[in-house]
>>> print(open('entry25.pdb').read())   # PDB, C-alpha atoms
ATOM      1  CA  MET E   1      19.955  33.037 -76.685
ATOM      2  CA  ASP E   2      16.507  34.496 -77.480
ATOM      3  CA  ALA E   3      15.142  31.009 -78.137
ATOM      4  CA  LEU E   4      15.675  30.240 -74.445
ATOM      5  CA  LEU E   5      13.574  33.206 -73.283
ATOM      6  CA  SER E   6       9.955  32.597 -72.289
ATOM      7  CA  VAL E   7       9.318  36.307 -71.759
ATOM      8  CA  ARG E   8      11.022  39.158 -73.559
ATOM      9  CA  ALA E   9       9.734  42.649 -72.815
ATOM     10  CA  HIS E  10      11.267  45.868 -74.116
ATOM     11  CA  ALA E  11      10.195  49.426 -73.241
ATOM     12  CA  ILE E  12       6.748  48.285 -72.117
ATOM     13  CA  THR E  13       4.451  51.118 -71.053
ATOM     14  CA  LYS E  14       0.878  50.802 -69.810
ATOM     15  CA  CYS E  15      -1.353  53.623 -68.602
ATOM     16  CA  PHE E  16      -4.821  53.731 -67.130
ATOM     17  CA  GLY E  17      -5.987  57.274 -67.732
ATOM     18  CA  ASP E  18      -3.467  59.564 -66.097
ATOM     19  CA  VAL E  19      -1.966  56.726 -64.056
ATOM     20  CA  VAL E  20       1.248  55.235 -65.443
ATOM     21  CA  ALA E  21       1.168  51.601 -64.306
ATOM     22  CA  LEU E  22       4.276  50.503 -66.230
ATOM     23  CA  ASP E  23       6.870  52.992 -67.391
ATOM     24  CA  GLY E  24       9.166  51.653 -70.114
ATOM     25  CA  ILE E  25      10.186  48.387 -68.475
ATOM     26  CA  ASP E  26      12.576  45.799 -69.904
ATOM     27  CA  LEU E  27      12.374  42.214 -68.680
ATOM     28  CA  ASP E  28      13.771  38.866 -69.804
ATOM     29  CA  VAL E  29      12.690  35.600 -68.187
ATOM     30  CA  ALA E  30      14.537  32.435 -69.131
ATOM     31  CA  GLN E  31      12.870  29.115 -69.872
ATOM     32  CA  GLY E  32      12.567  26.867 -66.821
ATOM     33  CA  GLN E  33      13.139  29.739 -64.406
ATOM     34  CA  ILE E  34      11.027  30.658 -61.399
ATOM     35  CA  HIS E  35      11.043  34.447 -61.545
ATOM     36  CA  GLY E  36       9.632  36.536 -58.719
ATOM     37  CA  LEU E  37       7.971  39.948 -58.888
ATOM     38  CA  VAL E  38       8.023  42.096 -55.783
ATOM     39  CA  GLY E  39       7.070  45.676 -55.075
ATOM     40  CA  PRO E  40       4.777  47.879 -53.006
ATOM     41  CA  ASN E  41       1.065  48.079 -53.707
ATOM     42  CA  GLY E  42       0.570  50.019 -56.924
ATOM     43  CA  ALA E  43       4.064  49.267 -58.218
ATOM     44  CA  GLY E  44       2.753  47.613 -61.414
ATOM     45  CA  LYS E  45       3.050  43.908 -60.571
ATOM     46  CA  THR E  46      -0.592  43.036 -61.304
ATOM     47  CA  THR E  47      -0.533  45.019 -64.536
ATOM     48  CA  LEU E  48       2.555  43.147 -65.719
ATOM     49  CA  LEU E  49       1.028  39.780 -64.840
ATOM     50  CA  GLY E  50      -2.113  40.780 -66.733
ATOM     51  CA  LEU E  51      -0.057  41.542 -69.845
ATOM     52  CA  LEU E  52       1.601  38.122 -69.654
ATOM     53  CA  LEU E  53      -1.795  36.431 -69.356
ATOM     54  CA  GLY E  54      -3.254  38.386 -72.273
ATOM     55  CA  LEU E  55      -5.808  40.188 -70.102
ATOM     56  CA  ALA E  56      -4.555  43.537 -71.405
ATOM     57  CA  VAL E  57      -2.091  44.873 -73.957
ATOM     58  CA  ALA E  58       0.704  47.381 -73.593
ATOM     59  CA  ASP E  59       0.283  50.918 -74.897
ATOM     60  CA  SER E  60       3.786  50.836 -76.323
ATOM     61  CA  GLY E  61       6.854  48.634 -76.428
ATOM     62  CA  ARG E  62       7.461  45.059 -77.565
ATOM     63  CA  LEU E  63       6.422  41.898 -75.767
ATOM     64  CA  GLU E  64       7.259  38.370 -76.856
ATOM     65  CA  ILE E  65       5.883  35.365 -74.990
ATOM     66  CA  LEU E  66       7.221  31.898 -75.745
ATOM     67  CA  GLY E  67       8.886  33.299 -78.857
ATOM     68  CA  THR E  68       5.715  34.858 -80.299
ATOM     69  CA  PRO E  69       5.146  38.628 -80.494
ATOM     70  CA  VAL E  70       2.029  39.715 -78.604
ATOM     71  CA  GLY E  71      -0.553  41.553 -80.715
ATOM     72  CA  ARG E  72      -2.541  44.692 -79.961
ATOM     73  CA  ARG E  73      -5.703  42.918 -78.825
ATOM     74  CA  PRO E  74      -6.146  41.162 -75.470
ATOM     75  CA  ALA E  75      -5.866  37.415 -76.001
ATOM     76  CA  ALA E  76      -4.512  34.553 -73.951
ATOM     77  CA  PRO E  77      -1.181  33.516 -75.504
ATOM     78  CA  ASP E  78      -0.866  29.842 -76.404
ATOM     79  CA  GLY E  79       0.941  27.855 -73.728
ATOM     80  CA  VAL E  80       0.267  30.388 -70.948
ATOM     81  CA  ALA E  81      -1.956  29.862 -67.906
ATOM     82  CA  GLY E  82      -2.400  31.258 -64.427
ATOM     83  CA  PHE E  83      -4.420  33.789 -62.452
ATOM     84  CA  VAL E  84      -4.375  37.352 -61.179
ATOM     85  CA  ASP E  85      -6.263  38.615 -58.105
ATOM     86  CA  GLY E  86      -7.138  35.049 -57.151
ATOM     87  CA  PRO E  87      -8.582  32.249 -59.272
ATOM     88  CA  GLY E  88     -12.092  32.529 -60.689
ATOM     89  CA  LEU E  89     -14.158  29.600 -59.389
ATOM     90  CA  TYR E  90     -17.791  28.465 -59.421
ATOM     91  CA  PRO E  91     -18.774  28.298 -55.728
ATOM     92  CA  SER E  92     -21.703  25.918 -56.258
ATOM     93  CA  LEU E  93     -19.588  23.358 -58.138
ATOM     94  CA  THR E  94     -17.219  20.812 -56.651
ATOM     95  CA  ALA E  95     -13.500  20.994 -57.238
ATOM     96  CA  ARG E  96     -13.730  18.318 -59.911
ATOM     97  CA  GLN E  97     -16.732  19.991 -61.564
ATOM     98  CA  ASN E  98     -14.937  23.341 -61.594
ATOM     99  CA  LEU E  99     -12.044  21.851 -63.505
ATOM    100  CA  ALA E 100     -14.348  20.036 -65.924
ATOM    101  CA  ALA E 101     -16.253  23.263 -66.594
ATOM    102  CA  MET E 102     -13.053  25.190 -67.226
ATOM    103  CA  ALA E 103     -11.821  22.538 -69.639
ATOM    104  CA  ALA E 104     -15.147  22.671 -71.503
ATOM    105  CA  LEU E 105     -15.065  26.478 -71.710
ATOM    106  CA  ARG E 106     -11.665  26.266 -73.330
ATOM    107  CA  GLY E 107     -13.086  23.814 -75.846
ATOM    108  CA  ASP E 108     -10.617  21.201 -74.725
ATOM    109  CA  ASP E 109     -12.618  18.302 -73.330
ATOM    110  CA  ALA E 110      -9.553  16.105 -73.737
ATOM    111  CA  ARG E 111      -8.081  17.857 -70.724
ATOM    112  CA  ALA E 112     -10.868  16.426 -68.558
ATOM    113  CA  ALA E 113      -8.927  13.166 -68.492
ATOM    114  CA  GLY E 114      -6.220  14.885 -66.498
ATOM    115  CA  ILE E 115      -8.457  16.304 -63.742
ATOM    116  CA  ASP E 116      -7.694  13.654 -61.166
ATOM    117  CA  ASP E 117      -3.984  14.008 -61.881
ATOM    118  CA  VAL E 118      -3.856  17.782 -61.301
ATOM    119  CA  LEU E 119      -6.035  17.495 -58.184
ATOM    120  CA  ASP E 120      -3.505  15.014 -56.854
ATOM    121  CA  GLN E 121      -0.610  17.317 -57.767
ATOM    122  CA  VAL E 122      -2.007  20.170 -55.664
ATOM    123  CA  GLY E 123      -3.149  17.934 -52.802
ATOM    124  CA  LEU E 124      -6.923  18.258 -53.251
ATOM    125  CA  THR E 125      -7.845  14.656 -54.026
ATOM    126  CA  ASP E 126      -9.610  14.212 -50.684
ATOM    127  CA  VAL E 127     -11.904  17.202 -51.323
ATOM    128  CA  ALA E 128     -12.402  16.687 -55.063
ATOM    129  CA  ASP E 129     -16.170  16.256 -54.614
ATOM    130  CA  ASP E 130     -16.654  19.086 -52.095
ATOM    131  CA  ARG E 131     -18.225  22.343 -53.244
ATOM    132  CA  ALA E 132     -15.787  25.223 -53.707
ATOM    133  CA  ARG E 133     -17.918  27.583 -51.594
ATOM    134  CA  GLY E 134     -16.708  25.770 -48.498
ATOM    135  CA  PHE E 135     -13.031  26.006 -49.424
ATOM    136  CA  SER E 136     -10.557  28.077 -47.435
ATOM    137  CA  LEU E 137      -8.516  30.752 -49.192
ATOM    138  CA  GLY E 138      -5.553  28.384 -49.410
ATOM    139  CA  MET E 139      -7.686  25.608 -50.920
ATOM    140  CA  ARG E 140      -9.076  28.016 -53.509
ATOM    141  CA  GLN E 141      -5.525  29.022 -54.415
ATOM    142  CA  ARG E 142      -4.579  25.377 -54.910
ATOM    143  CA  LEU E 143      -7.670  24.740 -57.023
ATOM    144  CA  GLY E 144      -6.738  27.729 -59.168
ATOM    145  CA  LEU E 145      -3.281  26.252 -59.598
ATOM    146  CA  ALA E 146      -4.840  22.921 -60.591
ATOM    147  CA  ALA E 147      -6.935  24.709 -63.236
ATOM    148  CA  ALA E 148      -3.792  26.276 -64.669
ATOM    149  CA  LEU E 149      -1.921  22.967 -64.663
ATOM    150  CA  LEU E 150      -4.770  21.319 -66.553
ATOM    151  CA  THR E 151      -3.610  23.137 -69.705
ATOM    152  CA  LYS E 152      -0.019  21.868 -69.297
ATOM    153  CA  PRO E 153       1.374  25.415 -69.666
ATOM    154  CA  ARG E 154       4.879  26.297 -70.751
ATOM    155  CA  LEU E 155       4.550  29.617 -68.907
ATOM    156  CA  LEU E 156       2.720  29.703 -65.578
ATOM    157  CA  VAL E 157       1.756  33.144 -64.229
ATOM    158  CA  LEU E 158       0.635  33.327 -60.596
ATOM    159  CA  ASP E 159      -0.437  36.154 -58.309
ATOM    160  CA  GLU E 160       0.259  35.440 -54.616
ATOM    161  CA  PRO E 161       0.070  31.623 -55.014
ATOM    162  CA  SER E 162       0.916  31.023 -51.331
ATOM    163  CA  ASN E 163      -1.817  33.338 -50.071
ATOM    164  CA  GLY E 164      -3.813  31.616 -47.320
ATOM    165  CA  LEU E 165      -1.730  28.444 -47.318
ATOM    166  CA  ASP E 166      -0.717  26.794 -44.060
ATOM    167  CA  PRO E 167       2.913  25.603 -43.761
ATOM    168  CA  ALA E 168       2.092  22.130 -45.109
ATOM    169  CA  GLY E 169       0.124  23.558 -48.028
ATOM    170  CA  LYS E 170       2.869  26.042 -48.837
ATOM    171  CA  LYS E 171       5.486  23.296 -48.840
ATOM    172  CA  HIS E 172       3.274  21.249 -51.165
ATOM    173  CA  VAL E 173       2.772  24.119 -53.635
ATOM    174  CA  HIS E 174       6.462  25.013 -53.541
ATOM    175  CA  GLY E 175       7.246  21.407 -54.444
ATOM    176  CA  VAL E 176       4.832  21.533 -57.390
ATOM    177  CA  LEU E 177       6.368  24.736 -58.764
ATOM    178  CA  THR E 178       9.928  23.489 -58.289
ATOM    179  CA  ARG E 179       9.179  20.280 -60.166
ATOM    180  CA  LEU E 180       7.482  22.192 -62.994
ATOM    181  CA  ALA E 181      10.534  24.417 -63.409
ATOM    182  CA  ALA E 182      12.842  21.409 -63.359
ATOM    183  CA  ASP E 183      10.785  19.967 -66.243
ATOM    184  CA  GLY E 184      11.158  23.174 -68.272
ATOM    185  CA  THR E 185       8.044  25.172 -67.368
ATOM    186  CA  THR E 186       8.684  28.852 -66.709
ATOM    187  CA  VAL E 187       6.993  30.329 -63.644
ATOM    188  CA  VAL E 188       6.450  34.043 -63.047
ATOM    189  CA  LEU E 189       4.905  34.826 -59.678
ATOM    190  CA  SER E 190       4.277  37.814 -57.489
ATOM    191  CA  SER E 191       4.320  37.691 -53.717
ATOM    192  CA  HIS E 192       4.576  39.938 -50.692
ATOM    193  CA  ARG E 193       6.235  37.045 -48.862
ATOM    194  CA  MET E 194       9.981  37.511 -49.119
ATOM    195  CA  ASP E 195      10.625  34.060 -47.660
ATOM    196  CA  ASP E 196       8.574  32.474 -50.458
ATOM    197  CA  LEU E 197      10.505  34.335 -53.129
ATOM    198  CA  GLU E 198      13.867  33.476 -51.586
ATOM    199  CA  ALA E 199      12.895  29.813 -51.283
ATOM    200  CA  LEU E 200      11.601  29.485 -54.845
ATOM    201  CA  CYS E 201      13.126  32.034 -57.187
ATOM    202  CA  SER E 202      16.420  32.025 -59.020
ATOM    203  CA  GLU E 203      15.849  35.622 -60.113
ATOM    204  CA  VAL E 204      13.641  38.474 -58.926
ATOM    205  CA  THR E 205      12.434  41.770 -60.309
ATOM    206  CA  ILE E 206      11.699  44.634 -57.929
ATOM    207  CA  LEU E 207       9.194  47.202 -59.169
ATOM    208  CA  ALA E 208       8.536  50.678 -57.790
ATOM    209  CA  THR E 209       6.083  53.206 -59.265
ATOM    210  CA  GLY E 210       5.913  51.307 -62.540
ATOM    211  CA  ARG E 211       9.667  51.041 -63.048
ATOM    212  CA  ILE E 212      12.140  48.224 -62.526
ATOM    213  CA  VAL E 213      14.643  49.149 -59.840
ATOM    214  CA  PHE E 214      16.367  45.756 -59.805
ATOM    215  CA  SER E 215      16.210  42.596 -61.889
ATOM    216  CA  GLY E 216      18.585  39.683 -61.612
ATOM    217  CA  PRO E 217      19.779  36.750 -59.514
ATOM    218  CA  LEU E 218      19.221  36.766 -55.776
ATOM    219  CA  SER E 219      22.960  36.245 -55.305
ATOM    220  CA  LYS E 220      23.649  39.544 -57.067
ATOM    221  CA  LEU E 221      21.072  41.283 -54.906
ATOM    222  CA  ALA E 222      22.711  39.968 -51.754
ATOM    223  CA  ALA E 223      26.151  41.060 -52.944
ATOM    224  CA  GLU E 224      24.875  44.576 -53.689
ATOM    225  CA  SER E 225      23.023  44.961 -50.395
ATOM    226  CA  ARG E 226      24.116  47.581 -47.949
ATOM    227  CA  GLU E 227      25.168  46.673 -44.439
ATOM    228  CA  LEU E 228      22.817  44.162 -42.867
ATOM    229  CA  ASP E 229      22.146  43.236 -39.254
ATOM    230  CA  TYR E 230      22.948  39.649 -38.247
ATOM    231  CA  ARG E 231      22.137  37.657 -35.123
ATOM    232  CA  LEU E 232      25.285  35.988 -33.824
ATOM    233  CA  LEU E 233      25.235  33.060 -31.404
ATOM    234  CA  ALA E 234      28.701  31.931 -30.308
ATOM    235  CA  SER E 235      30.115  29.526 -27.758
ATOM    236  CA  ASP E 236      31.638  32.448 -25.805
ATOM    237  CA  PRO E 237      29.434  35.559 -26.248
ATOM    238  CA  GLN E 238      31.744  37.958 -24.435
ATOM    239  CA  ALA E 239      34.811  36.863 -26.381
ATOM    240  CA  ALA E 240      32.776  37.003 -29.608
ATOM    241  CA  ARG E 241      31.793  40.579 -28.786
ATOM    242  CA  ARG E 242      35.438  41.540 -28.353
ATOM    243  CA  VAL E 243      36.361  39.990 -31.701
ATOM    244  CA  ALA E 244      33.434  41.797 -33.367
ATOM    245  CA  VAL E 245      34.488  45.155 -31.923
ATOM    246  CA  ASP E 246      38.046  44.605 -33.187
ATOM    247  CA  THR E 247      36.958  43.593 -36.729
ATOM    248  CA  ALA E 248      37.026  46.427 -39.265
ATOM    249  CA  GLY E 249      33.619  47.199 -40.734
ATOM    250  CA  VAL E 250      31.683  45.346 -38.011
ATOM    251  CA  HIS E 251      29.568  47.177 -35.448
ATOM    252  CA  VAL E 252      27.830  45.656 -32.428
ATOM    253  CA  VAL E 253      24.391  47.248 -32.523
ATOM    254  CA  GLU E 254      22.457  45.294 -29.941
ATOM    255  CA  GLU E 255      22.938  42.936 -27.031
ATOM    256  CA  PRO E 256      19.504  41.490 -26.190
ATOM    257  CA  MET E 257      18.628  41.866 -22.523
ATOM    258  CA  ALA E 258      16.090  39.064 -22.444
ATOM    259  CA  ARG E 259      17.506  36.195 -20.412
ATOM    260  CA  HIS E 260      16.516  33.549 -22.959
ATOM    261  CA  ASP E 261      18.427  35.468 -25.653
ATOM    262  CA  ALA E 262      21.375  36.592 -23.583
ATOM    263  CA  GLN E 263      23.790  34.416 -25.582
ATOM    264  CA  ARG E 264      23.100  36.316 -28.829
ATOM    265  CA  LEU E 265      24.332  39.664 -30.029
ATOM    266  CA  VAL E 266      23.484  41.612 -33.156
ATOM    267  CA  VAL E 267      26.185  42.911 -35.450
ATOM    268  CA  ARG E 268      25.939  45.158 -38.493
ATOM    269  CA  ALA E 269      28.316  44.570 -41.383
ATOM    270  CA  PRO E 270      28.671  44.284 -45.154
ATOM    271  CA  VAL E 271      29.370  40.772 -46.428
ATOM    272  CA  PRO E 272      33.205  41.126 -46.683
ATOM    273  CA  ALA E 273      33.441  42.361 -43.093
ATOM    274  CA  LEU E 274      31.137  39.570 -41.948
ATOM    275  CA  ASP E 275      33.447  37.029 -43.595
ATOM    276  CA  ALA E 276      36.392  38.560 -41.745
ATOM    277  CA  LEU E 277      34.466  38.313 -38.474
ATOM    278  CA  VAL E 278      33.843  34.598 -38.972
ATOM    279  CA  VAL E 279      37.537  34.029 -39.701
ATOM    280  CA  GLY E 280      38.449  35.974 -36.574
ATOM    281  CA  LEU E 281      36.051  33.996 -34.406
ATOM    282  CA  VAL E 282      37.429  30.669 -35.676
ATOM    283  CA  GLN E 283      41.008  31.791 -35.145
ATOM    284  CA  ALA E 284      40.113  32.753 -31.569
ATOM    285  CA  GLY E 285      38.711  29.265 -30.954
ATOM    286  CA  ILE E 286      35.119  30.525 -30.718
ATOM    287  CA  SER E 287      32.433  28.314 -32.235
ATOM    288  CA  VAL E 288      29.762  30.011 -34.372
ATOM    289  CA  ARG E 289      26.435  28.320 -33.650
ATOM    290  CA  GLU E 290      24.201  30.724 -35.512
ATOM    291  CA  LEU E 291      24.715  33.635 -37.900
ATOM    292  CA  THR E 292      21.502  34.744 -39.583
ATOM    293  CA  PRO E 293      20.229  38.020 -41.062
ATOM    294  CA  VAL E 294      17.741  39.886 -38.909
ATOM    295  CA  VAL E 295      16.188  41.015 -42.199
ATOM    296  CA  SER E 296      16.820  38.998 -45.366
ATOM    297  CA  PRO E 297      18.888  40.532 -48.198
ATOM    298  CA  LEU E 298      15.780  40.579 -50.405
ATOM    299  CA  GLU E 299      13.701  42.390 -47.817
ATOM    300  CA  ALA E 300      16.522  44.830 -47.095
ATOM    301  CA  ALA E 301      16.922  45.572 -50.813
ATOM    302  CA  PHE E 302      13.157  45.897 -51.206
ATOM    303  CA  LEU E 303      13.017  48.504 -48.452
ATOM    304  CA  ALA E 304      16.091  50.355 -49.684
ATOM    305  CA  LEU E 305      14.921  50.482 -53.310
ATOM    306  CA  THR E 306      11.229  51.204 -52.802
ATOM    307  CA  ASP E 307      11.066  53.261 -49.583
ATOM    308  CA  PRO E 308      12.337  56.838 -50.042
ATOM    309  CA  GLN E 309      12.990  57.191 -46.311
ATOM    310  CA  GLU E 310      15.108  54.023 -46.242
ATOM    311  CA  ALA E 311      16.952  55.057 -49.388
ATOM    312  CA  GLY E 312      17.930  58.348 -47.809
ATOM    313  CA  ARG E 313      19.528  56.759 -44.761
TER     314      ARG E 313
END
>>> encode(input="entry25.pdb", output="structure tokens")
Amino acid sequence: MDALLSVRAHAITKCFGDVVALDGIDLDVAQGQIHGLVGPNGAGKTTLLGLLLGLAVADSGRLEILGTPVGRRPAAPDGVAGFVDGPGLYPSLTARQNLAAMAALRGDDARAAGIDDVLDQVGLTDVADDRARGFSLGMRQRLGLAAALLTKPRLLVLDEPSNGLDPAGKKHVHGVLTRLAADGTTVVLSSHRMDDLEALCSEVTILATGRIVFSGPLSKLAAESRELDYRLLASDPQAARRVAVDTAGVHVVEEPMARHDAQRLVVRAPVPALDALVVGLVQAGISVRELTPVVSPLEAAFLALTDPQEAGR
């Protein structure tokens, strides 16, 4: 089992002076998995990513990366690449020159042969000879990803990889990461974008004040969520409302007054009650045209687990 783990952390603690950034966390990340980190600012996400990249070492605990125990001195583990707080680039150099310089700094000139390939993977071929100083935030993120891919990592660690990307760029990067995972590369990424995490990740870890408050599959998170609000669009809104009112565990919480949204109503229910509502609607001959969460299960869990006010409701 352990041989299939790319990351194995046990009781990891990291402090900066009096600030406890990580407080005894345990984390396993399987090979070929895209694993998401989410949490409020200051929760410890960046610190954890830094430990995985060898930019810092834990004060206590055990950390194994790709089957090798991490030592007590900062050092980039073999087979690991990525970036934290945005990629470091040379503004006066072109995209291609940046990658060549990074390959040379690593003492791996053989990687230079793969520059055109990684530029193509991240969709930067057309701007390969443009200087990085003129790149948008999204283009810089993609160039940072290209630099990481140049090393052919087995563990890819990324901080906000979709930051600054337009919809087309985000779709492109998501495709790159999905293909890497399918080929066996493990990806650990942090993001404030819940939709990105839900689209990409098979498992997520939620951090709050340096501690893990949830870690596991998204399906488990959804099953453990409290009642959620759902937008319901049915062929007969008034009849659907009556069925909702008569379904145990379902509450109608809103009927939008806007004319363009008059066909929708919002119901609040746990998943079992929502299933019963759908059955009741079908039995009543009412077609369900839309049933979507107002707030995603991941976002709802994030708020409930990291916001003391939400948790107390």
>>> resolve_selection(input="entry25.pdb", expression="the PyMOL selection byres ((chain E and resi 159-175) around 9)", output="VMD selection string")
chain E and resid 45 to 46 49 82 to 86 121 to 123 136 to 142 144 to 145 157 to 158 176 to 180 188 to 193 196 199 to 200
>>> closest_residue(input="entry25.pdb", among="E:Thr151, E:Phe214, E:Leu5, E:Asp59", to="Leu22 (chain E)", atoms="only C-alpha atoms")
E:Asp59
>>> closest_residue(input="entry25.pdb", among="E:Val295, E:Val57, E:Ala276, E:Ala9", to="Val245 (chain E)", atoms="all atoms listed in the file")
E:Ala276
>>> closest_residue(input="entry25.pdb", among="E:Gly216, E:Gly249, E:Pro272, E:Gly79", to="Asp28 (chain E)", atoms="only C-alpha atoms")
E:Gly216
>>> atom_distance(input="entry25.pdb", atom1="CA of Val250 (chain E)", atom2="CA of Leu232 (chain E)")
12.1 Å
>>> atom_distance(input="entry25.pdb", atom1="CA of Gly36 (chain E)", atom2="CA of Cys201 (chain E)")
5.9 Å
>>> closest_residue(input="entry25.pdb", among="E:Ser60, E:Leu228, E:Ala147, E:Gly67", to="Ala95 (chain E)", atoms="all atoms listed in the file")
E:Ala147
>>> residues_around(input="entry25.pdb", residues="Ala43 (chain E)", least_positions_apart="5", cutoff="10 Å", atoms="all atoms listed in the file", output="MDAnalysis selection string")
chainID E and resid 20:22 38 48 206:212 306
>>> atom_distance(input="entry25.pdb", atom1="CA of Leu37 (chain E)", atom2="CA of Asp117 (chain E)")
28.7 Å
>>> residues_near_point(input="entry25.pdb", point="(-3.3, 44.9, -80.7)", cutoff="12 Å", atoms="all atoms listed in the file", output="JSON, numbers by chain")
{"E": [51, 54, 55, 56, 57, 58, 59, 60, 61, 62, 63, 69, 70, 71, 72, 73, 74, 75]}
>>> resolve_selection(input="entry25.pdb", expression="the PyMOL selection byres ((chain E and resi 269) around 12)", output="compact mmCIF listing (two decimals) with C-alpha atoms, in the coordinates of the input")
# COMPACT_ATOMS: atom_id res chain seq x y z
CA SER E 225 23.02 44.96 -50.40
CA ARG E 226 24.12 47.58 -47.95
CA GLU E 227 25.17 46.67 -44.44
CA LEU E 228 22.82 44.16 -42.87
CA ASP E 229 22.15 43.24 -39.25
CA TYR E 230 22.95 39.65 -38.25
CA ARG E 231 22.14 37.66 -35.12
CA LEU E 232 25.28 35.99 -33.82
CA ALA E 244 33.43 41.80 -33.37
CA VAL E 245 34.49 45.16 -31.92
CA THR E 247 36.96 43.59 -36.73
CA ALA E 248 37.03 46.43 -39.26
CA GLY E 249 33.62 47.20 -40.73
CA VAL E 250 31.68 45.35 -38.01
CA HIS E 251 29.57 47.18 -35.45
CA VAL E 252 27.83 45.66 -32.43
CA VAL E 253 24.39 47.25 -32.52
CA VAL E 266 23.48 41.61 -33.16
CA VAL E 267 26.18 42.91 -35.45
CA ARG E 268 25.94 45.16 -38.49
CA PRO E 270 28.67 44.28 -45.15
CA VAL E 271 29.37 40.77 -46.43
CA PRO E 272 33.20 41.13 -46.68
CA ALA E 273 33.44 42.36 -43.09
CA LEU E 274 31.14 39.57 -41.95
CA ASP E 275 33.45 37.03 -43.60
CA ALA E 276 36.39 38.56 -41.74
CA LEU E 277 34.47 38.31 -38.47
CA VAL E 278 33.84 34.60 -38.97
CA PRO E 293 20.23 38.02 -41.06
CA VAL E 294 17.74 39.89 -38.91
>>> closest_residue(input="entry25.pdb", among="E:Gln97, E:Ser6, E:Ser202, E:Thr125", to="Ala30 (chain E)", atoms="only C-alpha atoms")
E:Ser6
>>> build_atoms(input="entry25.pdb", residues="region 273-287 of chain E", atoms="N, CA and C atoms", output="short mmCIF file (atom, residue, chain, number, x, y, z; two decimals), keeping the file's coordinate frame")
data_model
loop_
_atom_site.label_atom_id
_atom_site.label_comp_id
_atom_site.auth_asym_id
_atom_site.auth_seq_id
_atom_site.Cartn_x
_atom_site.Cartn_y
_atom_site.Cartn_z
N ALA E 273 33.09 42.22 -44.51
CA ALA E 273 33.44 42.36 -43.09
C ALA E 273 32.90 41.20 -42.27
N LEU E 274 31.72 40.72 -42.65
CA LEU E 274 31.14 39.57 -41.95
C LEU E 274 32.01 38.34 -42.14
N ASP E 275 32.53 38.15 -43.35
CA ASP E 275 33.45 37.03 -43.60
C ASP E 275 34.68 37.13 -42.71
N ALA E 276 35.20 38.35 -42.59
CA ALA E 276 36.39 38.56 -41.74
C ALA E 276 36.08 38.26 -40.28
N LEU E 277 34.86 38.60 -39.85
CA LEU E 277 34.47 38.31 -38.47
C LEU E 277 34.46 36.82 -38.21
N VAL E 278 33.90 36.05 -39.15
CA VAL E 278 33.84 34.60 -38.97
C VAL E 278 35.25 34.02 -38.89
N VAL E 279 36.14 34.49 -39.74
CA VAL E 279 37.54 34.03 -39.70
C VAL E 279 38.16 34.36 -38.34
N GLY E 280 37.90 35.57 -37.86
CA GLY E 280 38.45 35.97 -36.57
C GLY E 280 37.92 35.15 -35.42
N LEU E 281 36.64 34.82 -35.46
CA LEU E 281 36.05 34.00 -34.41
C LEU E 281 36.68 32.60 -34.40
N VAL E 282 36.84 32.01 -35.58
CA VAL E 282 37.43 30.67 -35.68
C VAL E 282 38.87 30.68 -35.18
N GLN E 283 39.62 31.70 -35.58
CA GLN E 283 41.01 31.79 -35.15
C GLN E 283 41.13 31.97 -33.63
N ALA E 284 40.10 32.56 -33.02
CA ALA E 284 40.11 32.75 -31.57
C ALA E 284 39.57 31.53 -30.83
N GLY E 285 39.23 30.49 -31.57
CA GLY E 285 38.71 29.26 -30.95
C GLY E 285 37.27 29.38 -30.49
N ILE E 286 36.52 30.31 -31.09
CA ILE E 286 35.12 30.52 -30.72
C ILE E 286 34.23 29.86 -31.77
N SER E 287 33.34 29.01 -31.31
CA SER E 287 32.43 28.31 -32.24
C SER E 287 31.26 29.22 -32.60
#
